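Colleague: Contents are PDB, C-alpha atoms; file name run-v3.pdb:
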ATOM      1  CA  MET A   1     109.033 118.388  83.639
ATOM      2  CA  ASN A   2     106.771 118.144  86.600
ATOM      3  CA  ALA A   3     108.996 117.095  89.471
ATOM      4  CA  LEU A   4     106.096 115.190  90.964
ATOM      5  CA  SER A   5     106.277 112.608  88.263
ATOM      6  CA  ARG A   6     109.670 111.666  89.604
ATOM      7  CA  GLY A   7     108.235 110.122  92.696
ATOM      8  CA  CYS A   8     105.468 110.040  95.175
ATOM      9  CA  PHE A   9     105.788 108.135  98.394
ATOM     10  CA  ILE A  10     103.604 107.011 101.171
ATOM     11  CA  ARG A  11     105.091 107.411 104.599
ATOM     12  CA  GLN A  12     104.707 104.331 106.711
ATOM     13  CA  GLU A  13     106.240 102.555 109.632
ATOM     14  CA  SER A  14     107.221  99.499 107.646
ATOM     15  CA  ASP A  15     109.261  99.024 104.503
ATOM     16  CA  ASP A  16     107.140  96.124 103.429
ATOM     17  CA  GLY A  17     104.448  98.121 101.708
ATOM     18  CA  VAL A  18     104.815  96.500  98.326
ATOM     19  CA  LYS A  19     105.031  92.890  99.385
ATOM     20  CA  MET A  20     102.075  90.826  98.331
ATOM     21  CA  ARG A  21     100.683  87.936 100.262
ATOM     22  CA  ASN A  22     101.539  84.444  99.208
ATOM     23  CA  PRO A  23      99.060  83.768  96.369
ATOM     24  CA  ALA A  24      98.778  80.108  97.365
ATOM     25  CA  ALA A  25      97.750  81.112 100.854
ATOM     26  CA  ILE A  26      95.116  83.420  99.444
ATOM     27  CA  LEU A  27      93.603  80.591  97.399
ATOM     28  CA  VAL A  28      93.463  78.331 100.422
ATOM     29  CA  LEU A  29      91.910  81.025 102.558
ATOM     30  CA  ALA A  30      89.318  81.863  99.933
ATOM     31  CA  VAL A  31      87.717  78.447 100.429
ATOM     32  CA  ILE A  32      86.581  79.302 103.936
ATOM     33  CA  THR A  33      85.121  82.681 103.111
ATOM     34  CA  SER A  34      81.511  81.628 102.712
ATOM     35  CA  PRO A  35      81.092  79.855 106.077
ATOM     36  CA  LEU A  36      82.622  82.911 107.722
ATOM     37  CA  CYS A  37      80.050  85.132 106.054
ATOM     38  CA  LEU A  38      77.320  82.941 107.512
ATOM     39  CA  LEU A  39      78.864  83.305 110.937
ATOM     40  CA  ARG A  40      78.901  87.038 110.647
ATOM     41  CA  ALA A  41      75.251  87.135 109.743
ATOM     42  CA  GLN A  42      74.417  85.832 113.187
ATOM     43  CA  ALA A  43      75.073  89.099 114.936
ATOM     44  CA  PRO A  44      75.010  88.925 118.721
ATOM     45  CA  THR A  45      72.463  90.911 120.640
ATOM     46  CA  ALA A  46      73.365  94.139 122.381
ATOM     47  CA  GLU A  47      72.876  92.376 125.721
ATOM     48  CA  SER A  48      75.781  89.976 125.214
ATOM     49  CA  ARG A  49      79.077  90.245 127.032
ATOM     50  CA  THR A  50      82.122  91.931 125.579
ATOM     51  CA  VAL A  51      85.874  91.420 125.956
ATOM     52  CA  TRP A  52      85.767  94.186 128.580
ATOM     53  CA  ASP A  53      83.874  91.948 130.989
ATOM     54  CA  GLY A  54      86.823  89.790 132.114
ATOM     55  CA  VAL A  55      86.354  86.843 129.789
ATOM     56  CA  TYR A  56      89.682  85.081 130.492
ATOM     57  CA  THR A  57      91.940  84.521 133.505
ATOM     58  CA  GLU A  58      95.513  85.614 134.142
ATOM     59  CA  ASP A  59      96.530  81.980 134.581
ATOM     60  CA  GLN A  60      95.071  81.125 131.214
ATOM     61  CA  ALA A  61      96.974  83.965 129.551
ATOM     62  CA  LYS A  62     100.158  82.668 131.207
ATOM     63  CA  ARG A  63      99.456  79.232 129.759
ATOM     64  CA  GLY A  64      98.873  80.762 126.355
ATOM     65  CA  GLU A  65     102.070  82.792 126.243
ATOM     66  CA  PRO A  66     104.556  79.903 125.702
ATOM     67  CA  ILE A  67     102.213  78.373 123.103
ATOM     68  CA  TYR A  68     102.110  81.714 121.304
ATOM     69  CA  ARG A  69     105.918  81.994 121.474
ATOM     70  CA  LYS A  70     106.331  78.531 119.998
ATOM     71  CA  GLU A  71     103.547  78.473 117.406
ATOM     72  CA  CYS A  72     102.820  82.079 116.416
ATOM     73  CA  ALA A  73     105.688  84.435 117.247
ATOM     74  CA  ALA A  74     107.869  83.448 114.281
ATOM     75  CA  CYS A  75     105.466  85.239 111.910
ATOM     76  CA  HIS A  76     103.370  87.518 114.147
ATOM     77  CA  GLY A  77     106.343  88.729 116.183
ATOM     78  CA  ASP A  78     107.342  88.501 119.843
ATOM     79  CA  MET A  79     105.338  91.648 120.573
ATOM     80  CA  LEU A  80     102.388  90.631 118.332
ATOM     81  CA  THR A  81     103.253  93.482 116.014
ATOM     82  CA  GLY A  82     103.162  91.392 112.853
ATOM     83  CA  GLY A  83     105.763  90.675 110.215
ATOM     84  CA  GLU A  84     106.332  90.832 106.492
ATOM     85  CA  SER A  85     103.364  88.663 105.610
ATOM     86  CA  ALA A  86     101.594  88.268 108.936
ATOM     87  CA  PRO A  87      99.237  90.920 110.269
ATOM     88  CA  PRO A  88      99.703  92.443 113.718
ATOM     89  CA  LEU A  89      97.633  90.973 116.545
ATOM     90  CA  THR A  90      97.634  94.182 118.544
ATOM     91  CA  GLY A  91      97.289  97.879 117.792
ATOM     92  CA  GLY A  92      94.857 100.055 115.906
ATOM     93  CA  ALA A  93      94.465  98.058 112.694
ATOM     94  CA  PHE A  94      93.969  94.760 114.539
ATOM     95  CA  LEU A  95      91.415  96.261 116.881
ATOM     96  CA  ALA A  96      89.604  98.076 114.074
ATOM     97  CA  ASN A  97      89.451  94.996 111.859
ATOM     98  CA  TRP A  98      87.833  92.857 114.560
ATOM     99  CA  SER A  99      85.806  95.399 116.473
ATOM    100  CA  GLY A 100      82.085  94.676 116.360
ATOM    101  CA  LEU A 101      82.631  90.982 115.624
ATOM    102  CA  THR A 102      82.829  88.204 118.202
ATOM    103  CA  MET A 103      85.463  86.113 119.923
ATOM    104  CA  GLY A 104      83.892  83.236 118.008
ATOM    105  CA  ASP A 105      84.913  84.873 114.713
ATOM    106  CA  LEU A 106      88.471  85.301 115.963
ATOM    107  CA  PHE A 107      88.616  81.760 117.371
ATOM    108  CA  ASP A 108      87.212  80.319 114.159
ATOM    109  CA  ARG A 109      89.758  82.230 112.115
ATOM    110  CA  ILE A 110      92.587  80.749 114.172
ATOM    111  CA  ARG A 111      91.101  77.233 114.068
ATOM    112  CA  LYS A 112      90.734  77.267 110.311
ATOM    113  CA  THR A 113      93.855  79.075 109.171
ATOM    114  CA  MET A 114      96.522  78.811 111.892
ATOM    115  CA  PRO A 115      99.256  77.810 112.308
ATOM    116  CA  GLN A 116      99.791  78.406 108.640
ATOM    117  CA  SER A 117     101.915  75.264 108.170
ATOM    118  CA  ALA A 118      99.182  72.997 109.563
ATOM    119  CA  PRO A 119      95.871  74.724 110.296
ATOM    120  CA  GLY A 120      93.911  73.104 113.075
ATOM    121  CA  ARG A 121      96.898  71.234 114.517
ATOM    122  CA  LEU A 122      96.514  72.876 117.929
ATOM    123  CA  THR A 123      93.759  71.805 120.278
ATOM    124  CA  ARG A 124      90.743  73.983 120.999
ATOM    125  CA  GLN A 125      92.107  74.491 124.494
ATOM    126  CA  GLN A 126      95.478  75.650 123.150
ATOM    127  CA  ASP A 127      93.781  78.074 120.760
ATOM    128  CA  ALA A 128      91.642  79.445 123.588
ATOM    129  CA  ASP A 129      94.765  79.875 125.739
ATOM    130  CA  ILE A 130      96.535  81.732 122.935
ATOM    131  CA  LEU A 131      93.492  83.982 122.572
ATOM    132  CA  ALA A 132      93.591  84.656 126.313
ATOM    133  CA  PHE A 133      97.233  85.709 125.944
ATOM    134  CA  MET A 134      96.314  87.960 123.012
ATOM    135  CA  LEU A 135      93.566  89.598 125.073
ATOM    136  CA  SER A 136      96.026  90.247 127.900
ATOM    137  CA  VAL A 137      98.567  91.835 125.549
ATOM    138  CA  ASN A 138      95.789  94.030 124.166
ATOM    139  CA  LYS A 139      95.048  95.165 127.725
ATOM    140  CA  PHE A 140      91.584  93.716 128.010
ATOM    141  CA  PRO A 141      90.873  92.965 131.681
ATOM    142  CA  ALA A 142      91.250  89.450 133.078
ATOM    143  CA  GLY A 143      88.419  87.927 135.071
ATOM    144  CA  LYS A 144      87.525  84.887 137.124
ATOM    145  CA  THR A 145      86.456  82.468 134.409
ATOM    146  CA  GLU A 146      88.578  81.096 131.618
ATOM    147  CA  LEU A 147      87.905  81.907 128.003
ATOM    148  CA  TYR A 148      85.735  79.183 126.511
ATOM    149  CA  ARG A 149      86.994  76.733 123.947
ATOM    150  CA  GLN A 150      83.507  76.199 122.482
ATOM    151  CA  LEU A 151      82.758  78.184 119.363
ATOM    152  CA  GLU A 152      79.066  78.659 120.115
ATOM    153  CA  MET A 153      79.845  80.194 123.498
ATOM    154  CA  LEU A 154      82.636  82.361 122.130
ATOM    155  CA  LYS A 155      80.173  83.790 119.615
ATOM    156  CA  GLU A 156      78.308  85.295 122.549
ATOM    157  CA  ILE A 157      81.300  87.467 123.483
ATOM    158  CA  ARG A 158      81.594  90.619 121.420
ATOM    159  CA  PHE A 159      85.008  91.991 120.516
ATOM    160  CA  GLU A 160      84.903  95.756 120.995
ATOM    161  CA  SER A 161      87.986  97.934 120.578
ATOM    162  CA  GLU A 162      86.622 100.572 122.924
ATOM    163  CA  LYS A 163      85.024 100.016 126.275
ATOM    164  CA  PRO A 164      81.247 100.244 125.913
ATOM    165  CA  ALA A 165      79.690 103.091 127.883
ATOM    166  CA  PRO A 166      78.088 101.893 131.128
ATOM    167  CA  LYS A 167      74.376 101.262 130.826
ATOM    168  CA  LYS A 168      72.337 104.169 132.118
TER
ATOM    169  CA  MET B   1      99.946 104.696 123.806
ATOM    170  CA  ASN B   2      96.284 105.410 124.228
ATOM    171  CA  ILE B   3      93.639 106.330 126.769
ATOM    172  CA  ASP B   4      90.538 104.142 126.497
ATOM    173  CA  GLY B   5      91.479 103.507 122.891
ATOM    174  CA  LEU B   6      92.059 107.148 121.967
ATOM    175  CA  PRO B   7      95.673 107.571 120.751
ATOM    176  CA  LEU B   8      97.794 110.027 122.722
ATOM    177  CA  VAL B   9      99.584 111.244 119.634
ATOM    178  CA  LYS B  10      98.158 114.130 117.663
ATOM    179  CA  PRO B  11      96.597 113.272 114.290
ATOM    180  CA  PRO B  12      97.152 112.722 111.450
ATOM    181  CA  TYR B  13      97.779 109.071 112.259
ATOM    182  CA  GLY B  14      98.789 108.308 108.699
ATOM    183  CA  THR B  15      99.720 110.470 105.748
ATOM    184  CA  ILE B  16     100.644 110.379 102.095
ATOM    185  CA  THR B  17     103.395 112.800 101.206
ATOM    186  CA  ALA B  18     104.514 113.983  97.776
ATOM    187  CA  ILE B  19     108.191 114.905  97.771
ATOM    188  CA  ASN B  20     109.956 116.976  95.157
ATOM    189  CA  LEU B  21     113.118 114.949  94.696
ATOM    190  CA  ASP B  22     114.957 117.810  93.012
ATOM    191  CA  ARG B  23     114.606 120.101  96.005
ATOM    192  CA  GLY B  24     113.902 117.573  98.752
ATOM    193  CA  GLU B  25     110.782 119.446  99.781
ATOM    194  CA  PHE B  26     107.295 118.290 100.566
ATOM    195  CA  VAL B  27     104.918 119.370  97.792
ATOM    196  CA  TRP B  28     101.827 118.227  99.631
ATOM    197  CA  GLN B  29     100.894 116.041 102.543
ATOM    198  CA  ILE B  30      97.454 114.685 103.329
ATOM    199  CA  ALA B  31      95.868 112.499 105.983
ATOM    200  CA  HIS B  32      95.159 109.140 104.373
ATOM    201  CA  GLY B  33      92.339 106.987 105.678
ATOM    202  CA  GLU B  34      88.985 107.479 107.314
ATOM    203  CA  THR B  35      89.022 108.569 110.952
ATOM    204  CA  PRO B  36      89.078 105.305 112.972
ATOM    205  CA  ASP B  37      85.754 104.330 114.533
ATOM    206  CA  VAL B  38      87.274 104.479 118.009
ATOM    207  CA  VAL B  39      88.102 108.169 117.473
ATOM    208  CA  ARG B  40      84.999 109.167 115.496
ATOM    209  CA  ASN B  41      82.691 107.579 118.078
ATOM    210  CA  TYR B  42      84.685 108.663 121.123
ATOM    211  CA  GLU B  43      82.316 109.867 123.788
ATOM    212  CA  ALA B  44      84.391 112.833 125.004
ATOM    213  CA  LEU B  45      84.915 114.115 121.450
ATOM    214  CA  LYS B  46      81.214 114.269 120.642
ATOM    215  CA  GLY B  47      80.167 117.530 119.007
ATOM    216  CA  LEU B  48      83.709 118.458 117.989
ATOM    217  CA  ASN B  49      84.426 118.859 114.310
ATOM    218  CA  ILE B  50      87.499 116.706 113.777
ATOM    219  CA  PRO B  51      88.899 116.618 110.256
ATOM    220  CA  ARG B  52      89.801 113.252 108.771
ATOM    221  CA  THR B  53      92.618 111.911 110.926
ATOM    222  CA  GLY B  54      93.982 109.253 108.616
ATOM    223  CA  GLN B  55      94.974 105.837 109.948
ATOM    224  CA  GLU B  56      98.221 104.352 111.070
ATOM    225  CA  THR B  57      99.496 102.643 107.953
ATOM    226  CA  TYR B  58     100.713  99.095 107.904
ATOM    227  CA  ASN B  59     101.709  97.323 104.707
ATOM    228  CA  ILE B  60      99.751  99.768 102.572
ATOM    229  CA  GLY B  61     101.283 100.673  99.238
ATOM    230  CA  THR B  62     100.320 103.200  96.588
ATOM    231  CA  LEU B  63      99.722 103.093  92.861
ATOM    232  CA  VAL B  64     100.881 106.151  90.934
ATOM    233  CA  THR B  65      99.522 106.870  87.451
ATOM    234  CA  LYS B  66      99.977 109.782  85.082
ATOM    235  CA  THR B  67      97.621 111.956  87.079
ATOM    236  CA  LEU B  68      96.573 110.066  90.213
ATOM    237  CA  VAL B  69      97.829 108.538  93.427
ATOM    238  CA  ILE B  70      95.668 105.570  94.419
ATOM    239  CA  ALA B  71      95.779 103.888  97.818
ATOM    240  CA  GLY B  72      93.352 101.946  99.946
ATOM    241  CA  GLU B  73      92.746 102.028 103.654
ATOM    242  CA  GLY B  74      94.226  99.533 106.086
ATOM    243  CA  HIS B  75      91.571  99.776 108.775
ATOM    244  CA  VAL B  76      87.989  98.629 108.840
ATOM    245  CA  THR B  77      85.562 101.439 109.546
ATOM    246  CA  THR B  78      81.794 101.728 109.594
ATOM    247  CA  THR B  79      80.430 105.160 108.741
ATOM    248  CA  ALA B  80      77.174 106.777 107.696
ATOM    249  CA  ASP B  81      78.467 106.650 104.111
ATOM    250  CA  HIS B  82      79.540 103.033 103.903
ATOM    251  CA  PRO B  83      78.969  99.710 105.686
ATOM    252  CA  ARG B  84      81.704  97.847 107.539
ATOM    253  CA  GLY B  85      84.689  97.925 105.192
ATOM    254  CA  ALA B  86      87.382 100.238 103.847
ATOM    255  CA  MET B  87      87.755 102.725 101.003
ATOM    256  CA  LEU B  88      90.049 102.738  98.005
ATOM    257  CA  ARG B  89      90.908 106.379  97.406
ATOM    258  CA  ALA B  90      92.272 108.330  94.444
ATOM    259  CA  TYR B  91      94.068 111.656  94.822
ATOM    260  CA  ASP B  92      95.122 114.274  92.307
ATOM    261  CA  LYS B  93      98.853 113.701  91.989
ATOM    262  CA  ALA B  94      99.638 117.384  91.651
ATOM    263  CA  THR B  95      97.697 118.614  94.669
ATOM    264  CA  GLY B  96      96.774 115.669  96.903
ATOM    265  CA  LYS B  97      93.094 116.579  96.624
ATOM    266  CA  GLU B  98      90.827 113.529  96.804
ATOM    267  CA  VAL B  99      89.034 113.003  93.507
ATOM    268  CA  GLY B 100      87.206 109.754  94.159
ATOM    269  CA  ALA B 101      86.745 106.762  96.439
ATOM    270  CA  VAL B 102      85.182 103.327  96.092
ATOM    271  CA  TYR B 103      84.120 100.854  98.751
ATOM    272  CA  MET B 104      86.058  97.682  99.528
ATOM    273  CA  PRO B 105      84.666  94.932 101.793
ATOM    274  CA  ALA B 106      87.986  94.634 103.645
ATOM    275  CA  PRO B 107      91.206  96.641 104.023
ATOM    276  CA  GLN B 108      93.844  96.806 101.315
ATOM    277  CA  THR B 109      96.967  94.721 101.616
ATOM    278  CA  GLY B 110     100.004  95.278  99.425
ATOM    279  CA  SER B 111      99.688  97.802  96.621
ATOM    280  CA  PRO B 112      97.017  98.344  93.969
ATOM    281  CA  MET B 113      98.040  97.919  90.337
ATOM    282  CA  THR B 114      96.434  98.798  87.037
ATOM    283  CA  TYR B 115      96.338  97.106  83.649
ATOM    284  CA  MET B 116      94.576  97.361  80.316
ATOM    285  CA  VAL B 117      92.642  94.611  78.477
ATOM    286  CA  ASN B 118      90.998  95.289  75.101
ATOM    287  CA  GLY B 119      91.034  99.002  75.685
ATOM    288  CA  LYS B 120      89.434  98.802  79.124
ATOM    289  CA  GLN B 121      91.422  99.792  82.178
ATOM    290  CA  TYR B 122      91.252  97.911  85.442
ATOM    291  CA  ILE B 123      92.527  98.551  88.946
ATOM    292  CA  VAL B 124      93.170  95.413  90.966
ATOM    293  CA  VAL B 125      93.733  95.425  94.682
ATOM    294  CA  ALA B 126      94.299  92.690  97.271
ATOM    295  CA  VAL B 127      92.104  92.897 100.347
ATOM    296  CA  SER B 128      91.917  90.962 103.603
ATOM    297  CA  GLY B 129      91.717  91.630 107.285
ATOM    298  CA  GLY B 130      90.006  90.389 110.365
ATOM    299  CA  PRO B 131      87.799  87.457 109.379
ATOM    300  CA  TYR B 132      87.830  88.465 105.708
ATOM    301  CA  SER B 133      90.044  86.078 103.779
ATOM    302  CA  GLY B 134      92.401  87.279 101.083
ATOM    303  CA  GLU B 135      90.841  88.250  97.761
ATOM    304  CA  TYR B 136      91.730  90.210  94.696
ATOM    305  CA  ILE B 137      89.158  92.751  93.601
ATOM    306  CA  ALA B 138      89.274  94.313  90.138
ATOM    307  CA  TYR B 139      87.533  97.604  89.420
ATOM    308  CA  ALA B 140      86.807  98.605  85.840
ATOM    309  CA  LEU B 141      87.001 102.197  84.718
ATOM    310  CA  PRO B 142      84.770 103.630  81.993
ATOM    311  CA  SER B 143      86.285 103.403  78.522
ATOM    312  CA  THR B 144      87.745 106.741  77.470
ATOM    313  CA  GLY B 145      87.672 106.086  73.753
ATOM    314  CA  GLU B 146      91.246 107.302  73.350
TER
END
Give the structure from this file in structure tokens form.

Modeller:
Amino acid sequence: MNALSRGCFIRQESDDGVKMRNPAAILVLAVITSPLCLLRAQAPTAESRTVWDGVYTEDQAKRGEPIYRKECAACHGDMLTGGESAPPLTGGAFLANWSGLTMGDLFDRIRKTMPQSAPGRLTRQQDADILAFMLSVNKFPAGKTELYRQLEMLKEIRFESEKPAPKK
Amino acid sequence: MNIDGLPLVKPPYGTITAINLDRGEFVWQIAHGETPDVVRNYEALKGLNIPRTGQETYNIGTLVTKTLVIAGEGHVTTTADHPRGAMLRAYDKATGKEVGAVYMPAPQTGSPMTYMVNGKQYIVVAVSGGPYSGEYIAYALPSTGE
């Protein structure tokens, strides 16, 4: 007998590889897919700002931290590393999955789906403050102006996992 | 740990390993997952031929069939071969050699599974990630006539 047929494993950092998402949650989320597709079609121009341009303040991130701890950390983890059914909000996969999109996409995602128990319960300002905290944890530089709480303006800020090369 | 987004640790960043449970030895080990965009497009690495690095794996499971190991990618990439999305890959179970890959619009979550309806085989996989909401995608395989 081929010993291989006895087992083949994927090595990973988590033991939760086989857990599926809550099917009910998937159904709910599916409803918002089409408006998100429309959002994505409106790609920002290359001239727009990115998260490397200091798009939030340190004070704002400090305001966002306790809100994150209270509203998000139970599922996404104290260190934003994710949990059994909640994706990480830092690290390679998070950065890769959002890179090239905009802060508006990320903000909209939070507004429409989080917190999972009551999406949209937090104010726009609270969501913006949480986003500022997430940016600080992900080591994007703080700046002098706070992160906007208006979707249209957030769409003008590109989320890029790597720092764009300086313009020549 | 990273420098300007480039991980400090040496690739592969994620692997699939086949283990012989009788002897406790690795039979094969491969990098699983496209090289992340941040590495492939890294300015200082331009011109270097870097083999597929794989991706750090998070909540990615495998499907094992009689002859294949099937697993999707957990990271979004955009390459010359496919638009923004991730690949579902199939490997020869005996050797680890990749034998096929299909495009998914978002990364895999959970594990793929396979089932048969009226003689036609399907592979179903859950995808989501970033702004892409959770979906199941079913792929149909050609009928074998067996």

Colleague: Within 9 Å of chain A, which residues of chain B show up? Give each one with its shortest atom-to-atom distance in Å (one decimal) and the two atoms involved, counting only C-alpha atoms, rows by chain then rising residue number, as JSON lines.

Modeller:
{"residue": "B:Asp4", "atom": "CA", "partner": "A:Glu162", "partner_atom": "CA", "distance": 6.4}
{"residue": "B:Gly5", "atom": "CA", "partner": "A:Glu162", "partner_atom": "CA", "distance": 5.7}
{"residue": "B:Leu6", "atom": "CA", "partner": "A:Glu162", "partner_atom": "CA", "distance": 8.6}
{"residue": "B:Pro7", "atom": "CA", "partner": "A:Gly92", "partner_atom": "CA", "distance": 9.0}
{"residue": "B:Gly14", "atom": "CA", "partner": "A:Gln12", "partner_atom": "CA", "distance": 7.4}
{"residue": "B:Thr15", "atom": "CA", "partner": "A:Arg11", "partner_atom": "CA", "distance": 6.3}
{"residue": "B:Ile16", "atom": "CA", "partner": "A:Ile10", "partner_atom": "CA", "distance": 4.6}
{"residue": "B:Thr17", "atom": "CA", "partner": "A:Ile10", "partner_atom": "CA", "distance": 5.8}
{"residue": "B:Ala18", "atom": "CA", "partner": "A:Cys8", "partner_atom": "CA", "distance": 4.8}
{"residue": "B:Ile19", "atom": "CA", "partner": "A:Cys8", "partner_atom": "CA", "distance": 6.1}
{"residue": "B:Asn20", "atom": "CA", "partner": "A:Ala3", "partner_atom": "CA", "distance": 5.8}
{"residue": "B:Leu21", "atom": "CA", "partner": "A:Arg6", "partner_atom": "CA", "distance": 7.0}
{"residue": "B:Asp22", "atom": "CA", "partner": "A:Ala3", "partner_atom": "CA", "distance": 7.0}
{"residue": "B:Val27", "atom": "CA", "partner": "A:Leu4", "partner_atom": "CA", "distance": 8.1}
{"residue": "B:Pro36", "atom": "CA", "partner": "A:Ala96", "partner_atom": "CA", "distance": 7.3}
{"residue": "B:Asp37", "atom": "CA", "partner": "A:Ala96", "partner_atom": "CA", "distance": 7.4}
{"residue": "B:Val38", "atom": "CA", "partner": "A:Glu162", "partner_atom": "CA", "distance": 6.3}
{"residue": "B:Tyr42", "atom": "CA", "partner": "A:Glu162", "partner_atom": "CA", "distance": 8.5}
{"residue": "B:Glu43", "atom": "CA", "partner": "A:Ala165", "partner_atom": "CA", "distance": 8.3}
{"residue": "B:Gln55", "atom": "CA", "partner": "A:Ala93", "partner_atom": "CA", "distance": 8.3}
{"residue": "B:Glu56", "atom": "CA", "partner": "A:Gly92", "partner_atom": "CA", "distance": 7.3}
{"residue": "B:Thr57", "atom": "CA", "partner": "A:Gln12", "partner_atom": "CA", "distance": 5.6}
{"residue": "B:Tyr58", "atom": "CA", "partner": "A:Ser14", "partner_atom": "CA", "distance": 6.5}
{"residue": "B:Asn59", "atom": "CA", "partner": "A:Gly17", "partner_atom": "CA", "distance": 4.1}
{"residue": "B:Ile60", "atom": "CA", "partner": "A:Gly17", "partner_atom": "CA", "distance": 5.1}
{"residue": "B:Gly61", "atom": "CA", "partner": "A:Gly17", "partner_atom": "CA", "distance": 4.8}
{"residue": "B:Thr62", "atom": "CA", "partner": "A:Ile10", "partner_atom": "CA", "distance": 6.8}
{"residue": "B:Val64", "atom": "CA", "partner": "A:Cys8", "partner_atom": "CA", "distance": 7.4}
{"residue": "B:Thr65", "atom": "CA", "partner": "A:Ser5", "partner_atom": "CA", "distance": 8.9}
{"residue": "B:Lys66", "atom": "CA", "partner": "A:Ser5", "partner_atom": "CA", "distance": 7.6}
{"residue": "B:Thr67", "atom": "CA", "partner": "A:Ser5", "partner_atom": "CA", "distance": 8.8}
{"residue": "B:Val69", "atom": "CA", "partner": "A:Cys8", "partner_atom": "CA", "distance": 8.0}
{"residue": "B:Gly74", "atom": "CA", "partner": "A:Ala93", "partner_atom": "CA", "distance": 6.8}
{"residue": "B:His75", "atom": "CA", "partner": "A:Ala93", "partner_atom": "CA", "distance": 5.2}
{"residue": "B:Val76", "atom": "CA", "partner": "A:Asn97", "partner_atom": "CA", "distance": 4.9}
{"residue": "B:Thr77", "atom": "CA", "partner": "A:Ala96", "partner_atom": "CA", "distance": 6.9}
{"residue": "B:Gly85", "atom": "CA", "partner": "A:Asn97", "partner_atom": "CA", "distance": 8.7}
{"residue": "B:Lys93", "atom": "CA", "partner": "A:Leu4", "partner_atom": "CA", "distance": 7.5}
{"residue": "B:Ala94", "atom": "CA", "partner": "A:Leu4", "partner_atom": "CA", "distance": 6.9}
{"residue": "B:Ala106", "atom": "CA", "partner": "A:Asn97", "partner_atom": "CA", "distance": 8.4}
{"residue": "B:Pro107", "atom": "CA", "partner": "A:Asn97", "partner_atom": "CA", "distance": 8.2}
{"residue": "B:Thr109", "atom": "CA", "partner": "A:Met20", "partner_atom": "CA", "distance": 7.2}
{"residue": "B:Gly110", "atom": "CA", "partner": "A:Met20", "partner_atom": "CA", "distance": 5.0}
{"residue": "B:Ser111", "atom": "CA", "partner": "A:Val18", "partner_atom": "CA", "distance": 5.6}
{"residue": "B:Ala126", "atom": "CA", "partner": "A:Met20", "partner_atom": "CA", "distance": 8.1}
{"residue": "B:Gly129", "atom": "CA", "partner": "A:Asn97", "partner_atom": "CA", "distance": 6.1}
{"residue": "B:Gly130", "atom": "CA", "partner": "A:Asn97", "partner_atom": "CA", "distance": 4.9}
{"residue": "B:Pro131", "atom": "CA", "partner": "A:Arg109", "partner_atom": "CA", "distance": 6.2}
{"residue": "B:Tyr132", "atom": "CA", "partner": "A:Thr33", "partner_atom": "CA", "distance": 6.9}
{"residue": "B:Ser133", "atom": "CA", "partner": "A:Leu29", "partner_atom": "CA", "distance": 5.5}
{"residue": "B:Gly134", "atom": "CA", "partner": "A:Ile26", "partner_atom": "CA", "distance": 5.0}
{"residue": "B:Glu135", "atom": "CA", "partner": "A:Ile26", "partner_atom": "CA", "distance": 6.7}
{"residue": "B:Tyr136", "atom": "CA", "partner": "A:Ile26", "partner_atom": "CA", "distance": 9.0}

Colleague: Around the point (96.0, 85.3, 134.4) (coordinates from the file), which residues reach within 10 Å if we count only C-alpha atoms? Answer as a list of chain:residue names.

Modeller: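 Within the cut-off we find A:Tyr56, A:Thr57, A:Glu58, A:Asp59, A:Gln60, A:Ala61, A:Lys62, A:Arg63, A:Gly64, A:Ala132, A:Phe133, A:Ser136, A:Pro141, A:Ala142, A:Gly143, A:Lys144, A:Thr145, A:Glu146.
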
Colleague: With all atoms listed in the file as the counted atoms, please give the residues lying no more than 8 Å from B:Pro105, apart from itself and same-chain residues fewer than 6 positions off, as a tab-separated table (two decimals) with C-alpha atoms, in the coordinates of the input.

Modeller:
chain	number	residue	atom	x	y	z
B	84	ARG	CA	81.70	97.85	107.54
B	85	GLY	CA	84.69	97.92	105.19
B	86	ALA	CA	87.38	100.24	103.85
B	127	VAL	CA	92.10	92.90	100.35

Colleague: What is the atom CA of A:Glu156-atom CA of A:Met103 distance in Å, reported with one decimal?

Modeller: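 Taking atom CA of A:Glu156 and atom CA of A:Met103, their separation equals 7.7 Å.
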
Colleague: Please measure the separation of atom CA of A:Asp129 and atom CA of A:Leu147, giving the value in Å to one decimal.

Modeller: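 Going from atom CA of A:Asp129 over to atom CA of A:Leu147, I get 7.5 Å.
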
Colleague: Could you expand the PyMOL selection byres ((chain B and resi 123) around 6) into the explicit residues it covers here, written as a CSV table (one decimal) with C-alpha atoms, in the frame of the given file?

Modeller:
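The resulting file, part19.csv, is shown below:
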chain,number,residue,atom,x,y,z
B,113,MET,CA,98.0,97.9,90.3
B,114,THR,CA,96.4,98.8,87.0
B,122,TYR,CA,91.3,97.9,85.4
B,124,VAL,CA,93.2,95.4,91.0
B,138,ALA,CA,89.3,94.3,90.1
B,139,TYR,CA,87.5,97.6,89.4

Colleague: One number please: atom CA of B:Thr95 to atom CA of B:Gln29, in Å, one decimal.

Modeller: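 Atom CA of B:Gln29 lies 8.9 Å from atom CA of B:Thr95.
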
Colleague: Which neighbours of B:Thr53 fall inside 7 Å, counting only C-alpha atoms, when residues of the same chain fewer than 5 positions from it are skipped, and could you give them as a list in words?

Modeller: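 That gives Pro11, Pro12, Tyr13, Ala31, Glu34 and Thr35 of chain B.
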
Colleague: Name the closest residue to A:Thr90 among the candidates A:Leu154, A:Met114, A:Thr102, A:Gly77; distances are taken between atoms, counting only C-alpha atoms.

Modeller: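 Between A:Leu154, A:Met114, A:Thr102, A:Gly77, the residue approaching A:Thr90 most closely is A:Gly77.
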
Colleague: Let me make sure I understand: among A:Ala73, A:Leu80, A:Ile157, A:Ala118, which one has the smallest atom-to-atom distance to A:Met134 if we use all atoms listed in the file?

Modeller: A:Leu80
